[in-house]
There are 2 protein chains.
Amino acid sequence: MSPHSTVLVVDDDKDVLHAAELVLSSETMRVKVLESPGEVEAAIERTMFDALLVDMNFAVGKRDGGQGLGLLALCRRSDPTLSVVLMTAYAGVALAVEALKGGAVDFVMKPWRNETLLEAVRSASALTRQRRQEEQITLDALERQTIERTLERHRGNISLSAAALGISRAALYRRMAKHAL
Amino acid sequence: MSPHSTVLVVDDDKDVLHAAELVLSSETMRVKVLESPGEVEAAIERTMFDALLVDMNFAVGKRDGGQGLGLLALCRRSDPTLSVVLMTAYAGVALAVEALKGGAVDFVMKPWRNETLLEAVRSASALTRQRRQEEQITLDALERQTIERTLERHRGNISLSAAALGISRAALYRRMAKHAL
DNA sequence: TGCGCGCTGTCCGGATTCGAACACTTGAGT
DNA sequence: ACTCAAGTGTTCGAATCCGGACAGCGCGCA
């Protein structure tokens with residue numbers, strides 16, 4: 001596949017950006033950093049990142065995470081396949097729940113354990129790639145998958161499956177043969 | 001549609017069960033309660049619930065939520081369309097994150113605000129129904145949706161879309177016509 | 001202005017798919 | 001043992017779908 005993944009880290013604290021860069025950068029992972037949340041949209045439209053790691057609080061004193069949630073929503077709208085990991089120093093359960101319900105794939109607390117952060121970003125990248133691959137599915141493959149699942153759900157009963165799929169029983173036989181099921 | 005939704009509440013504390021029953025029971029929502037986590041699997045196979053509300057800690061003194069996570073995994077495996085809401089008195093951020101990453105749709109803290117709990121269970125029910133409806137999709141409708149999304153993703157470019165879908169351009173024209181797109 | 005290129009929309013003979021029908025098996029009920 | 005309902009696997013003429021081909025259109029470019 002692709003030799004390395006590319007990650008964008010967004011935080012208003014330069015020390016945090018530097019630390020994240022140190023932890024994440026490697027042979028297989030490139031890191032780009034950004035201090036301002038306003039530039040995120042342009043950045044993810046220019047470069048196709050495999051994961052985003054973004055802070056939840058930018059204005060000093062703010063700690064309700066509203067900006068992080070807004071940024072999350074923005075990214076999810078702009079590219080639903082892109083996995084977003086949120087981080088914050090002021091973690092509350094309610095905020096974490098909101099974040100994950102809003103489509104974040106993970107939530108790490110600052111200060112982080114290096115290994116924890118790395119693993120979170122790694123699996124976010126993997127998930128992004130999986131989503132992008134699934135999005136490229138061919139009509140034929142999609143049909144195959146759907147038939148397979150439907151048959152399984154109806155425990156192999158061809159008549160029921162055919163009815164559920166909205167095709168005739170004979171048609172299902174043909175398609176099963178075509179897809180070697 | 002269906003006149004009411006059915007919810008299963010699981011907790012080892014009878015007071016909690018009673019309180020939940022009081023809050024949730026209504027014209028549109030039926031509640032069944034269960035004290036023992038061991039009976040959950042049998043219960044969800046017998047009755048088709050629209051939502052599950054389960055506690056995370058059963059043994060006294062336990063508060064790491066491991067049982068709740070295990071029960072969650074069990075339910076997700078048994079019926080992936082069934083939405084599960086977790087609740088706990090010993091909420092930590094890490095636990096909440098684990099729960100949602102494990103497929104719970106929401107996470108409420110005890111003691112709860114009645115309105116919060118009701119809303120969580122209501123939207124869990126709605127999500128379950130949506131998932132079940134999507135699962136019953138016909139092959140034809142699935143094809144239509146996929147074509148629609150692919151066209152949108154490629155900004156209406158027929159040639160690109162056809163290539164992405166793995167069919168000839170002419171075939172895409174025919175299917176678009178068939179589905180009135 | 002003319003050229004090249006990519007995309008569009010449509011056509012048509014051959015390939016494929018359609019579903020109603022038929023014969024057969026299985027299993028539960030009486 | 002008999003019946004009946006439900007499911008299976010297959011056939012066949014009709015209906016549909018296939019994709020290569022062709023002509024037209026817009027647009028950047030020299």
# chains A, B, ... in the order shown; residues from 1 in each chain; ligands from 1
call {"tool": "residues_around", "arguments": {"residues": "B:Met109", "least_positions_apart": "4", "cutoff": "7 Å", "atoms": "only C-alpha atoms (C1' of nucleotides)", "output": "PyMOL selection string"}}
result
chain B and resi 87-89+91
call {"tool": "select_by_dssp", "arguments": {"residues": "stretch 7-147 of chain B", "states": "helix (DSSP H, G or I)", "output": "PyMOL selection string"}}
result
chain B and resi 14-24+37-46+66-78+93-101+114-135+139-147
call {"tool": "interface_residues", "arguments": {"of": "chain A", "to": "chain C", "cutoff": "12 Å", "atoms": "only C-alpha atoms (C1' of nucleotides)", "output": "short mmCIF file (atom, residue, chain, number, x, y, z; two decimals) with N, CA and C atoms, in the first residue's frame"}}
result
data_model
loop_
_atom_site.label_atom_id
_atom_site.label_comp_id
_atom_site.auth_asym_id
_atom_site.auth_seq_id
_atom_site.Cartn_x
_atom_site.Cartn_y
_atom_site.Cartn_z
N ILE A 167 -35.73 -9.53 -4.93
CA ILE A 167 -35.53 -10.16 -6.24
C ILE A 167 -36.17 -11.55 -6.21
N SER A 168 -36.30 -12.15 -7.37
CA SER A 168 -36.91 -13.47 -7.44
C SER A 168 -35.91 -14.52 -6.96
N ARG A 169 -36.45 -15.63 -6.57
CA ARG A 169 -35.60 -16.69 -6.06
C ARG A 169 -34.59 -17.12 -7.11
N ALA A 170 -35.04 -17.27 -8.33
CA ALA A 170 -34.14 -17.69 -9.41
C ALA A 170 -33.02 -16.68 -9.58
N ALA A 171 -33.37 -15.40 -9.47
CA ALA A 171 -32.36 -14.35 -9.64
C ALA A 171 -31.28 -14.48 -8.56
N LEU A 172 -31.74 -14.81 -7.34
CA LEU A 172 -30.76 -14.97 -6.27
C LEU A 172 -29.84 -16.15 -6.55
N TYR A 173 -30.41 -17.22 -7.06
CA TYR A 173 -29.57 -18.37 -7.42
C TYR A 173 -28.50 -17.95 -8.42
N ARG A 174 -28.92 -17.24 -9.45
CA ARG A 174 -27.95 -16.81 -10.47
C ARG A 174 -26.84 -15.98 -9.86
N ARG A 175 -27.24 -15.02 -9.01
CA ARG A 175 -26.23 -14.11 -8.45
C ARG A 175 -25.33 -14.84 -7.46
N LYS A 178 -22.85 -16.50 -9.62
CA LYS A 178 -21.91 -15.53 -10.18
C LYS A 178 -20.85 -15.14 -9.15
#
call {"tool": "interface_residues", "arguments": {"of": "chain D", "to": "chain B", "cutoff": "9 Å", "atoms": "only C-alpha atoms (C1' of nucleotides)", "output": "mmCIF file with C-alpha atoms (C1' of nucleotides), in the first residue's frame"}}
result
data_model
loop_
_atom_site.group_PDB
_atom_site.id
_atom_site.type_symbol
_atom_site.label_atom_id
_atom_site.label_comp_id
_atom_site.auth_asym_id
_atom_site.auth_seq_id
_atom_site.Cartn_x
_atom_site.Cartn_y
_atom_site.Cartn_z
ATOM 1 C "C1'" DC D 17 -29.025 -5.299 -20.223
ATOM 2 C "C1'" DC D 18 -24.399 -5.089 -22.083
ATOM 3 C "C1'" DG D 19 -20.533 -2.146 -23.809
#
call {"tool": "interface_residues", "arguments": {"of": "chain A", "to": "chain B", "cutoff": "6 Å", "atoms": "only C-alpha atoms", "output": "compact mmCIF listing (two decimals) with C-alpha atoms, in the first residue's frame"}}
result
# COMPACT_ATOMS: atom_id res chain seq x y z
CA VAL A 93 -17.06 12.61 31.20
CA THR A 138 -17.63 -1.57 -6.73
CA LEU A 139 -21.36 -2.14 -7.33
CA LEU A 165 -33.51 -8.48 -1.24
CA GLY A 166 -36.49 -7.75 -3.48
call {"tool": "select_by_dssp", "arguments": {"residues": "chain B", "states": "strand (DSSP E)", "output": "VMD selection string"}}
result
chain B and resid 5 to 10 29 to 34 51 to 55 83 to 88 106 to 109
call {"tool": "residues_around", "arguments": {"residues": "stretch 43-60 of chain A", "least_positions_apart": "5", "cutoff": "7 Å", "atoms": "only C-alpha atoms (C1' of nucleotides)", "output": "number ranges by chain"}}
result
A: 5-12, 65, 67-69, 82-88, 121, 124-125, 128-129
call {"tool": "atom_distance", "arguments": {"atom1": "atom CA of B:Thr28", "atom2": "atom CA of B:His4"}}
result
4.3 Å
